[in-house]
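Novice: What follows is my_file-v2.pdb; its format and atoms are PDB, C-alpha atoms.
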```pdb
ATOM      1  CA  MET A 325     113.229 108.838 117.671  1.00  0.00           C
ATOM      2  CA  THR A 326     110.645 111.275 118.984  1.00  0.00           C
ATOM      3  CA  PRO A 327     107.144 109.777 118.929  1.00  0.00           C
ATOM      4  CA  LYS A 328     104.738 111.618 116.623  1.00  0.00           C
ATOM      5  CA  PRO A 329     100.958 111.403 116.262  1.00  0.00           C
ATOM      6  CA  VAL A 330      99.785 109.427 113.233  1.00  0.00           C
ATOM      7  CA  SER A 331      96.459 110.328 111.642  1.00  0.00           C
ATOM      8  CA  ILE A 332      94.740 107.245 110.225  1.00  0.00           C
ATOM      9  CA  GLU A 333      92.863 109.403 107.721  1.00  0.00           C
ATOM     10  CA  ASP A 334      96.061 111.045 106.483  1.00  0.00           C
ATOM     11  CA  LYS A 335      97.684 107.655 106.035  1.00  0.00           C
ATOM     12  CA  PHE A 336      94.715 106.304 104.053  1.00  0.00           C
ATOM     13  CA  ALA A 337      95.012 109.338 101.748  1.00  0.00           C
ATOM     14  CA  LEU A 338      98.440 108.060 100.662  1.00  0.00           C
ATOM     15  CA  PHE A 339      97.167 105.010  98.755  1.00  0.00           C
ATOM     16  CA  SER A 340      94.039 103.738  97.072  1.00  0.00           C
ATOM     17  CA  GLU A 341      94.610 100.101  96.096  1.00  0.00           C
ATOM     18  CA  PRO A 342      92.650  97.445  98.013  1.00  0.00           C
ATOM     19  CA  TRP A 343      94.180  94.447  99.828  1.00  0.00           C
ATOM     20  CA  GLN A 344      97.560  96.163 100.074  1.00  0.00           C
ATOM     21  CA  PRO A 345      98.319  96.467 103.797  1.00  0.00           C
ATOM     22  CA  LYS A 346     100.608  99.346 104.768  1.00  0.00           C
ATOM     23  CA  ARG A 347     102.636  99.584 107.944  1.00  0.00           C
ATOM     24  CA  ILE A 348     102.013 102.745 109.953  1.00  0.00           C
ATOM     25  CA  GLY A 349     103.574 101.884 113.312  1.00  0.00           C
ATOM     26  CA  ARG A 350     105.310  99.299 115.396  1.00  0.00           C
ATOM     27  CA  ILE A 351     104.667  98.051 118.943  1.00  0.00           C
ATOM     28  CA  ASP A 352     107.590  95.881 120.034  1.00  0.00           C
ATOM     29  CA  GLY A 353     107.556  93.079 117.421  1.00  0.00           C
ATOM     30  CA  TYR A 354     104.044  93.915 116.239  1.00  0.00           C
ATOM     31  CA  ASP A 355     102.905  96.004 113.281  1.00  0.00           C
ATOM     32  CA  VAL A 356     100.109  98.496 113.158  1.00  0.00           C
ATOM     33  CA  ARG A 357      98.832  98.224 109.593  1.00  0.00           C
ATOM     34  CA  ILE A 358      95.987  99.746 107.626  1.00  0.00           C
ATOM     35  CA  ALA A 359      94.290  98.380 104.532  1.00  0.00           C
ATOM     36  CA  ARG A 360      91.456  99.121 102.153  1.00  0.00           C
ATOM     37  CA  LEU A 361      89.194  96.165 101.408  1.00  0.00           C
ATOM     38  CA  LYS A 362      87.024  95.747  98.312  1.00  0.00           C
ATOM     39  CA  GLY A 363      85.162  92.553  97.569  1.00  0.00           C
ATOM     40  CA  GLU A 364      86.459  89.465  99.266  1.00  0.00           C
ATOM     41  CA  PHE A 365      89.861  88.009 100.101  1.00  0.00           C
ATOM     42  CA  VAL A 366      91.062  84.399 100.187  1.00  0.00           C
ATOM     43  CA  TRP A 367      90.685  81.748 102.897  1.00  0.00           C
ATOM     44  CA  HIS A 368      93.773  81.553 105.074  1.00  0.00           C
ATOM     45  CA  SER A 369      95.003  81.132 108.637  1.00  0.00           C
ATOM     46  CA  HIS A 370      98.005  82.056 110.791  1.00  0.00           C
ATOM     47  CA  ALA A 371      99.168  79.175 112.992  1.00  0.00           C
ATOM     48  CA  ASP A 372     101.176  81.375 115.353  1.00  0.00           C
ATOM     49  CA  ALA A 373      99.512  84.786 115.374  1.00  0.00           C
ATOM     50  CA  ASP A 374      96.264  86.230 116.638  1.00  0.00           C
ATOM     51  CA  GLU A 375      95.078  88.970 114.292  1.00  0.00           C
ATOM     52  CA  PHE A 376      93.355  92.174 115.447  1.00  0.00           C
ATOM     53  CA  PHE A 377      91.004  93.934 113.006  1.00  0.00           C
ATOM     54  CA  PHE A 378      89.535  97.334 113.879  1.00  0.00           C
ATOM     55  CA  VAL A 379      87.029  98.740 111.392  1.00  0.00           C
ATOM     56  CA  VAL A 380      87.684 102.420 110.633  1.00  0.00           C
ATOM     57  CA  GLU A 381      85.018 102.849 107.929  1.00  0.00           C
ATOM     58  CA  GLY A 382      82.399 100.603 106.347  1.00  0.00           C
ATOM     59  CA  VAL A 383      81.520  97.087 107.428  1.00  0.00           C
ATOM     60  CA  LEU A 384      83.796  94.055 107.510  1.00  0.00           C
ATOM     61  CA  ARG A 385      82.286  90.601 107.138  1.00  0.00           C
ATOM     62  CA  MET A 386      84.633  87.996 108.579  1.00  0.00           C
ATOM     63  CA  HIS A 387      83.954  84.495 107.302  1.00  0.00           C
ATOM     64  CA  PHE A 388      85.112  81.556 109.393  1.00  0.00           C
ATOM     65  CA  ARG A 389      85.539  77.905 108.450  1.00  0.00           C
ATOM     66  CA  ALA A 390      86.055  74.944 110.781  1.00  0.00           C
ATOM     67  CA  LYS A 391      85.051  71.298 111.140  1.00  0.00           C
ATOM     68  CA  LYS A 392      81.636  72.422 112.341  1.00  0.00           C
ATOM     69  CA  GLY A 393      81.027  74.336 109.125  1.00  0.00           C
ATOM     70  CA  GLN A 394      81.130  77.944 107.983  1.00  0.00           C
ATOM     71  CA  TRP A 395      79.786  81.067 109.649  1.00  0.00           C
ATOM     72  CA  HIS A 396      80.463  84.793 109.645  1.00  0.00           C
ATOM     73  CA  GLU A 397      80.447  87.866 111.838  1.00  0.00           C
ATOM     74  CA  ASP A 398      79.729  91.425 110.649  1.00  0.00           C
ATOM     75  CA  VAL A 399      81.946  94.097 112.155  1.00  0.00           C
ATOM     76  CA  PRO A 400      80.827  97.721 111.725  1.00  0.00           C
ATOM     77  CA  ALA A 401      82.973 100.851 111.977  1.00  0.00           C
ATOM     78  CA  GLY A 402      84.106 101.437 115.555  1.00  0.00           C
ATOM     79  CA  SER A 403      84.184  97.723 116.327  1.00  0.00           C
ATOM     80  CA  LEU A 404      86.968  95.186 116.365  1.00  0.00           C
ATOM     81  CA  ILE A 405      87.321  91.451 115.999  1.00  0.00           C
ATOM     82  CA  ILE A 406      90.290  89.291 116.966  1.00  0.00           C
ATOM     83  CA  VAL A 407      90.854  86.166 114.890  1.00  0.00           C
ATOM     84  CA  PRO A 408      92.582  83.576 117.080  1.00  0.00           C
ATOM     85  CA  LYS A 409      95.679  81.828 115.789  1.00  0.00           C
ATOM     86  CA  GLY A 410      94.953  78.765 113.694  1.00  0.00           C
ATOM     87  CA  THR A 411      91.437  79.912 112.778  1.00  0.00           C
ATOM     88  CA  GLU A 412      90.633  79.791 109.093  1.00  0.00           C
ATOM     89  CA  HIS A 413      89.093  83.057 107.975  1.00  0.00           C
ATOM     90  CA  LYS A 414      88.273  85.142 104.904  1.00  0.00           C
ATOM     91  CA  PRO A 415      87.690  88.891 105.210  1.00  0.00           C
ATOM     92  CA  LYS A 416      85.150  90.555 102.931  1.00  0.00           C
ATOM     93  CA  ALA A 417      84.127  94.187 102.490  1.00  0.00           C
ATOM     94  CA  LEU A 418      80.376  94.279 103.013  1.00  0.00           C
ATOM     95  CA  THR A 419      80.345  97.934 101.926  1.00  0.00           C
ATOM     96  CA  PRO A 420      81.802  99.155  98.578  1.00  0.00           C
ATOM     97  CA  GLU A 421      84.979  99.857 100.505  1.00  0.00           C
ATOM     98  CA  THR A 422      85.935  98.954 104.055  1.00  0.00           C
ATOM     99  CA  LYS A 423      88.902 100.523 105.822  1.00  0.00           C
ATOM    100  CA  ILE A 424      90.606  98.599 108.590  1.00  0.00           C
ATOM    101  CA  MET A 425      93.454  98.959 111.062  1.00  0.00           C
ATOM    102  CA  LEU A 426      95.318  95.779 112.008  1.00  0.00           C
ATOM    103  CA  VAL A 427      97.664  94.831 114.816  1.00  0.00           C
ATOM    104  CA  GLU A 428      99.611  91.621 114.311  1.00  0.00           C
ATOM    105  CA  LYS A 429     103.091  90.166 114.589  1.00  0.00           C
ATOM    106  CA  SER A 430     105.388  91.954 112.185  1.00  0.00           C
ATOM    107  CA  GLU A 431     106.211  88.755 110.292  1.00  0.00           C
ATOM    108  CA  THR A 432     102.539  87.951 109.613  1.00  0.00           C
ATOM    109  CA  VAL A 433     101.788  87.467 105.919  1.00  0.00           C
ATOM    110  CA  ASN A 434      98.370  88.663 104.777  1.00  0.00           C
ATOM    111  CA  THR A 435      97.559  85.425 102.944  1.00  0.00           C
ATOM    112  CA  GLY A 436      98.522  83.222 105.865  1.00  0.00           C
ATOM    113  CA  ASP A 437     100.790  80.229 106.210  1.00  0.00           C
ATOM    114  CA  GLY A 438     100.232  78.537 102.837  1.00  0.00           C
ATOM    115  CA  ALA A 439     102.101  79.117  99.592  1.00  0.00           C
ATOM    116  CA  ALA A 440     102.234  82.696  98.379  1.00  0.00           C
ATOM    117  CA  ASN A 441      99.669  83.669  95.781  1.00  0.00           C
ATOM    118  CA  GLU A 442      98.803  86.758  93.745  1.00  0.00           C
ATOM    119  CA  ARG A 443      97.229  88.389  96.816  1.00  0.00           C
ATOM    120  CA  THR A 444     100.336  87.959  98.965  1.00  0.00           C
ATOM    121  CA  VAL A 445     102.086  91.058 100.346  1.00  0.00           C
ATOM    122  CA  ALA A 446     104.981  89.532 102.250  1.00  0.00           C
ATOM    123  CA  ASP A 447     106.646  92.760 103.331  1.00  0.00           C
ATOM    124  CA  PRO A 448     104.191  95.667 103.460  1.00  0.00           C
ATOM    125  CA  GLU A 449     105.400  99.163 102.675  1.00  0.00           C
ATOM    126  CA  TYR A 450     105.943 101.542 105.605  1.00  0.00           C
ATOM    127  CA  ILE A 451     104.075 104.779 104.960  1.00  0.00           C
TER     128      ILE A 451
ATOM    129  CA  MET B1420      86.058  80.149 121.457  1.00  0.00           C
ATOM    130  CA  THR B1421      84.209  81.719 118.564  1.00  0.00           C
ATOM    131  CA  PRO B1422      85.456  85.221 117.809  1.00  0.00           C
ATOM    132  CA  LYS B1423      82.829  87.925 118.258  1.00  0.00           C
ATOM    133  CA  PRO B1424      82.787  91.584 117.206  1.00  0.00           C
ATOM    134  CA  VAL B1425      83.444  94.023 120.044  1.00  0.00           C
ATOM    135  CA  SER B1426      81.903  97.489 119.857  1.00  0.00           C
ATOM    136  CA  ILE B1427      84.169 100.077 121.468  1.00  0.00           C
ATOM    137  CA  GLU B1428      81.169 102.316 122.191  1.00  0.00           C
ATOM    138  CA  ASP B1429      79.274  99.478 123.906  1.00  0.00           C
ATOM    139  CA  LYS B1430      82.305  98.703 126.062  1.00  0.00           C
ATOM    140  CA  PHE B1431      82.720 102.352 127.102  1.00  0.00           C
ATOM    141  CA  ALA B1432      79.057 102.349 128.170  1.00  0.00           C
ATOM    142  CA  LEU B1433      79.924  99.765 130.850  1.00  0.00           C
ATOM    143  CA  PHE B1434      81.998 102.096 133.028  1.00  0.00           C
ATOM    144  CA  SER B1435      82.449 105.772 133.737  1.00  0.00           C
ATOM    145  CA  GLU B1436      85.455 106.178 136.020  1.00  0.00           C
ATOM    146  CA  PRO B1437      88.586 107.791 134.534  1.00  0.00           C
ATOM    147  CA  TRP B1438      92.075 106.251 134.569  1.00  0.00           C
ATOM    148  CA  GLN B1439      90.685 102.760 135.051  1.00  0.00           C
ATOM    149  CA  PRO B1440      91.830 100.753 132.031  1.00  0.00           C
ATOM    150  CA  LYS B1441      89.616  97.818 131.068  1.00  0.00           C
ATOM    151  CA  ARG B1442      90.653  94.824 129.008  1.00  0.00           C
ATOM    152  CA  ILE B1443      88.465  94.194 125.967  1.00  0.00           C
ATOM    153  CA  GLY B1444      90.565  91.756 123.963  1.00  0.00           C
ATOM    154  CA  ARG B1445      93.804  89.860 123.708  1.00  0.00           C
ATOM    155  CA  ILE B1446      96.260  89.470 120.814  1.00  0.00           C
ATOM    156  CA  ASP B1447      98.764  86.743 121.716  1.00  0.00           C
ATOM    157  CA  GLY B1448     100.361  88.144 124.909  1.00  0.00           C
ATOM    158  CA  TYR B1449      99.050  91.660 124.320  1.00  0.00           C
ATOM    159  CA  ASP B1450      95.975  93.364 125.730  1.00  0.00           C
ATOM    160  CA  VAL B1451      93.546  95.573 123.936  1.00  0.00           C
ATOM    161  CA  ARG B1452      92.414  98.023 126.616  1.00  0.00           C
ATOM    162  CA  ILE B1453      90.186 101.067 126.728  1.00  0.00           C
ATOM    163  CA  ALA B1454      90.224 103.920 129.211  1.00  0.00           C
ATOM    164  CA  ARG B1455      88.551 107.233 129.951  1.00  0.00           C
ATOM    165  CA  LEU B1456      90.947 110.071 130.745  1.00  0.00           C
ATOM    166  CA  LYS B1457      90.108 113.191 132.739  1.00  0.00           C
ATOM    167  CA  GLY B1458      92.737 115.711 133.776  1.00  0.00           C
ATOM    168  CA  GLU B1459      96.271 114.431 133.824  1.00  0.00           C
ATOM    169  CA  PHE B1460      98.020 111.256 134.882  1.00  0.00           C
ATOM    170  CA  VAL B1461     101.439 110.710 136.481  1.00  0.00           C
ATOM    171  CA  TRP B1462     104.895 110.579 134.914  1.00  0.00           C
ATOM    172  CA  HIS B1463     105.998 107.020 134.243  1.00  0.00           C
ATOM    173  CA  SER B1464     107.748 104.745 131.786  1.00  0.00           C
ATOM    174  CA  HIS B1465     107.809 101.092 130.752  1.00  0.00           C
ATOM    175  CA  ALA B1466     111.321  99.737 130.261  1.00  0.00           C
ATOM    176  CA  ASP B1467     110.241  96.705 128.249  1.00  0.00           C
ATOM    177  CA  ALA B1468     107.044  97.672 126.445  1.00  0.00           C
ATOM    178  CA  ASP B1469     106.084 100.014 123.649  1.00  0.00           C
ATOM    179  CA  GLU B1470     102.637 101.446 124.291  1.00  0.00           C
ATOM    180  CA  PHE B1471     100.048 102.121 121.559  1.00  0.00           C
ATOM    181  CA  PHE B1472      97.438 104.830 122.183  1.00  0.00           C
ATOM    182  CA  PHE B1473      94.567 105.329 119.715  1.00  0.00           C
ATOM    183  CA  VAL B1474      92.258 108.254 120.449  1.00  0.00           C
ATOM    184  CA  VAL B1475      88.590 107.296 120.093  1.00  0.00           C
ATOM    185  CA  GLU B1476      87.101 110.602 121.274  1.00  0.00           C
ATOM    186  CA  GLY B1477      88.495 113.950 122.428  1.00  0.00           C
ATOM    187  CA  VAL B1478      92.140 114.974 122.341  1.00  0.00           C
ATOM    188  CA  LEU B1479      95.046 113.343 124.160  1.00  0.00           C
ATOM    189  CA  ARG B1480      98.062 115.447 125.076  1.00  0.00           C
ATOM    190  CA  MET B1481     101.074 113.220 125.608  1.00  0.00           C
ATOM    191  CA  HIS B1482     103.807 114.877 127.636  1.00  0.00           C
ATOM    192  CA  PHE B1483     107.364 113.579 127.262  1.00  0.00           C
ATOM    193  CA  ARG B1484     110.403 114.117 129.468  1.00  0.00           C
ATOM    194  CA  ALA B1485     114.027 113.330 128.658  1.00  0.00           C
ATOM    195  CA  LYS B1486     117.503 114.746 129.195  1.00  0.00           C
ATOM    196  CA  LYS B1487     116.827 117.328 126.504  1.00  0.00           C
ATOM    197  CA  GLY B1488     113.829 118.660 128.409  1.00  0.00           C
ATOM    198  CA  GLN B1489     110.063 118.346 128.194  1.00  0.00           C
ATOM    199  CA  TRP B1490     107.755 118.516 125.212  1.00  0.00           C
ATOM    200  CA  HIS B1491     104.338 117.267 124.205  1.00  0.00           C
ATOM    201  CA  GLU B1492     102.295 116.024 121.263  1.00  0.00           C
ATOM    202  CA  ASP B1493      98.540 116.496 120.819  1.00  0.00           C
ATOM    203  CA  VAL B1494      96.702 113.475 119.448  1.00  0.00           C
ATOM    204  CA  PRO B1495      93.143 114.056 118.164  1.00  0.00           C
ATOM    205  CA  ALA B1496      90.412 111.458 117.688  1.00  0.00           C
ATOM    206  CA  GLY B1497      91.248 109.094 114.844  1.00  0.00           C
ATOM    207  CA  SER B1498      94.977 109.379 115.461  1.00  0.00           C
ATOM    208  CA  LEU B1499      97.426 107.217 117.335  1.00  0.00           C
ATOM    209  CA  ILE B1500     100.756 107.641 119.045  1.00  0.00           C
ATOM    210  CA  ILE B1501     103.205 104.930 120.056  1.00  0.00           C
ATOM    211  CA  VAL B1502     105.337 105.625 123.121  1.00  0.00           C
ATOM    212  CA  PRO B1503     108.603 103.712 122.762  1.00  0.00           C
ATOM    213  CA  LYS B1504     109.826 101.565 125.645  1.00  0.00           C
ATOM    214  CA  GLY B1505     111.851 103.472 128.214  1.00  0.00           C
ATOM    215  CA  THR B1506     110.338 106.848 127.277  1.00  0.00           C
ATOM    216  CA  GLU B1507     109.048 108.860 130.202  1.00  0.00           C
ATOM    217  CA  HIS B1508     105.555 110.127 129.479  1.00  0.00           C
ATOM    218  CA  LYS B1509     102.453 111.574 131.119  1.00  0.00           C
ATOM    219  CA  PRO B1510      99.067 111.383 129.365  1.00  0.00           C
ATOM    220  CA  LYS B1511      96.598 114.227 129.803  1.00  0.00           C
ATOM    221  CA  ALA B1512      93.034 114.718 128.572  1.00  0.00           C
ATOM    222  CA  LEU B1513      93.030 118.005 126.668  1.00  0.00           C
ATOM    223  CA  THR B1514      89.232 117.788 126.355  1.00  0.00           C
ATOM    224  CA  PRO B1515      86.899 117.363 129.381  1.00  0.00           C
ATOM    225  CA  GLU B1516      87.067 113.658 128.693  1.00  0.00           C
ATOM    226  CA  THR B1517      89.264 111.720 126.285  1.00  0.00           C
ATOM    227  CA  LYS B1518      88.560 108.106 125.343  1.00  0.00           C
ATOM    228  CA  ILE B1519      91.436 105.914 124.255  1.00  0.00           C
ATOM    229  CA  MET B1520      92.132 102.378 123.071  1.00  0.00           C
ATOM    230  CA  LEU B1521      95.490 100.858 124.038  1.00  0.00           C
ATOM    231  CA  VAL B1522      97.486  97.899 122.824  1.00  0.00           C
ATOM    232  CA  GLU B1523     100.329  96.798 125.074  1.00  0.00           C
ATOM    233  CA  LYS B1524     101.877  93.724 126.644  1.00  0.00           C
ATOM    234  CA  SER B1525      99.385  92.127 128.972  1.00  0.00           C
ATOM    235  CA  GLU B1526     101.654  92.539 131.996  1.00  0.00           C
ATOM    236  CA  THR B1527     102.029  96.311 131.467  1.00  0.00           C
ATOM    237  CA  VAL B1528     101.071  98.328 134.535  1.00  0.00           C
ATOM    238  CA  ASN B1529      99.437 101.689 133.841  1.00  0.00           C
ATOM    239  CA  THR B1530     101.707 103.595 136.209  1.00  0.00           C
ATOM    240  CA  GLY B1531     104.885 102.090 134.787  1.00  0.00           C
ATOM    241  CA  ASP B1532     107.849 100.365 136.372  1.00  0.00           C
ATOM    242  CA  GLY B1533     108.135 102.289 139.646  1.00  0.00           C
ATOM    243  CA  ALA B1534     106.439 101.560 142.955  1.00  0.00           C
ATOM    244  CA  ALA B1535     102.656 101.266 142.839  1.00  0.00           C
ATOM    245  CA  ASN B1536     100.697 104.360 143.782  1.00  0.00           C
ATOM    246  CA  GLU B1537      97.035 105.325 144.168  1.00  0.00           C
ATOM    247  CA  ARG B1538      96.652 105.472 140.373  1.00  0.00           C
ATOM    248  CA  THR B1539      97.956 101.940 139.830  1.00  0.00           C
ATOM    249  CA  VAL B1540      95.670  99.344 138.249  1.00  0.00           C
ATOM    250  CA  ALA B1541      97.885  96.266 138.213  1.00  0.00           C
ATOM    251  CA  ASP B1542      95.356  93.815 136.826  1.00  0.00           C
ATOM    252  CA  PRO B1543      92.633  95.557 134.783  1.00  0.00           C
ATOM    253  CA  GLU B1544      89.137  94.113 134.733  1.00  0.00           C
ATOM    254  CA  TYR B1545      88.048  92.211 131.605  1.00  0.00           C
ATOM    255  CA  ILE B1546      84.760  93.641 130.379  1.00  0.00           C
TER     256      ILE B1546
END
```
Do you think you could lay out the structure here as structure tokens?
Specialist:
Amino acid sequence: MTPKPVSIEDKFALFSEPWQPKRIGRIDGYDVRIARLKGEFVWHSHADADEFFFVVEGVLRMHFRAKKGQWHEDVPAGSLIIVPKGTEHKPKALTPETKIMLVEKSETVNTGDGAANERTVADPEYI
Amino acid sequence: MTPKPVSIEDKFALFSEPWQPKRIGRIDGYDVRIARLKGEFVWHSHADADEFFFVVEGVLRMHFRAKKGQWHEDVPAGSLIIVPKGTEHKPKALTPETKIMLVEKSETVNTGDGAANERTVADPEYI
């Protein structure tokens, strides 16, 4: 297959629903995904996968929870944050909408390792 | 280690030399790297690693070479291209300077699988 450029903006134009990650590329066994965030997500963690978040537009607030308590980091457009495996986290859009690009193992489920819930997208659409 | 946001712009401010990839993050066994490109690089390929290029600023021209001949794809800022493993390629800055973010296996050498040359950066600095 001949490699082709992929415009992030063009891919975002193909969908509007929040918290529905879409696959836009693959690096070995890793997905490149994009998602629109509105409001906040659910607490979750991935025991076996680091998770890369790059903010394309808006501001992402990443909440963290551990024995020592809760804290958060704000990630503006043009910045990234990598959530280490096993770290409990909850993404939130600090702006009305936040657009992100993710890189993570292809089998990673957006709601983490627990039971599936209504926010779970186990097998994101390839757009 | 507590995850911290990483500003791509702040990281680019730390160096000015072209074709010197810098590590700015790690996802499992993969690096997130950034690099400044000026002029063109050398033909190379990576037998075991797909290579993700996201253009932060400027335009990247990716040249490809295969049995069927040579061709290229132009990748503007905000777009990405993934070079599949085993695909011979040669990046070129189509603008005076092009800034890119890469995701690739941590052991990937910028000049590919052949003998090292004067462009080789075998173990990029972590900034």
Novice: Can you check which residues of chain A have any atom within 7 Å of chain B? Use all atoms listed in the file and format it as a PyMOL selection string.
Specialist: chain A and resi 327-332+351-352+373-376+397+399+402-407
Novice: Would you compute the distance between CA of Lys1518 in chain B and CA of Phe1431 in chain B? Give it in Å to one decimal.
Specialist: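 Calculated distance between CA of Lys1518 in chain B and CA of Phe1431 in chain B is 8.4 Å.
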Novice: Taking the file above as input, evaluate the PyMOL selection byres ((chain B and resi 1462) around 6) and report the hits as a PDB file with C-alpha atoms, keeping the file's coordinate frame.
Specialist:
```pdb
ATOM      1  CA  VAL B1461     101.439 110.710 136.481  1.00  0.00           C
ATOM      2  CA  HIS B1463     105.998 107.020 134.243  1.00  0.00           C
ATOM      3  CA  HIS B1508     105.555 110.127 129.479  1.00  0.00           C
ATOM      4  CA  LYS B1509     102.453 111.574 131.119  1.00  0.00           C
TER       5      LYS B1509
END
```
Novice: Determine the residue set returned by the PyMOL selection byres ((chain A and resi 444) around 12) for the present structure, and present it as an MDAnalysis selection string.
Specialist: chainID A and resid 343:345 365:366 368 432:443 445:448
Novice: Can you tell me which residues surround Leu1456 in chain B at a distance of at most 6 Å, considering all atoms listed in the file, apart from same-chain residues fewer than 2 positions away, and format the answer as a list in words?
Specialist: Pro1437, Trp1438, Ala1512, Glu1516 and Thr1517 of chain B
Novice: What is the CA of Leu1433 in chain B-CA of Ile1546 in chain B distance in Å, reported with one decimal?
Specialist: 7.8 Å
Novice: Just how far from CA of Met1520 in chain B is CA of Arg360 in chain A, in Å to one decimal?
Specialist: 21.2 Å
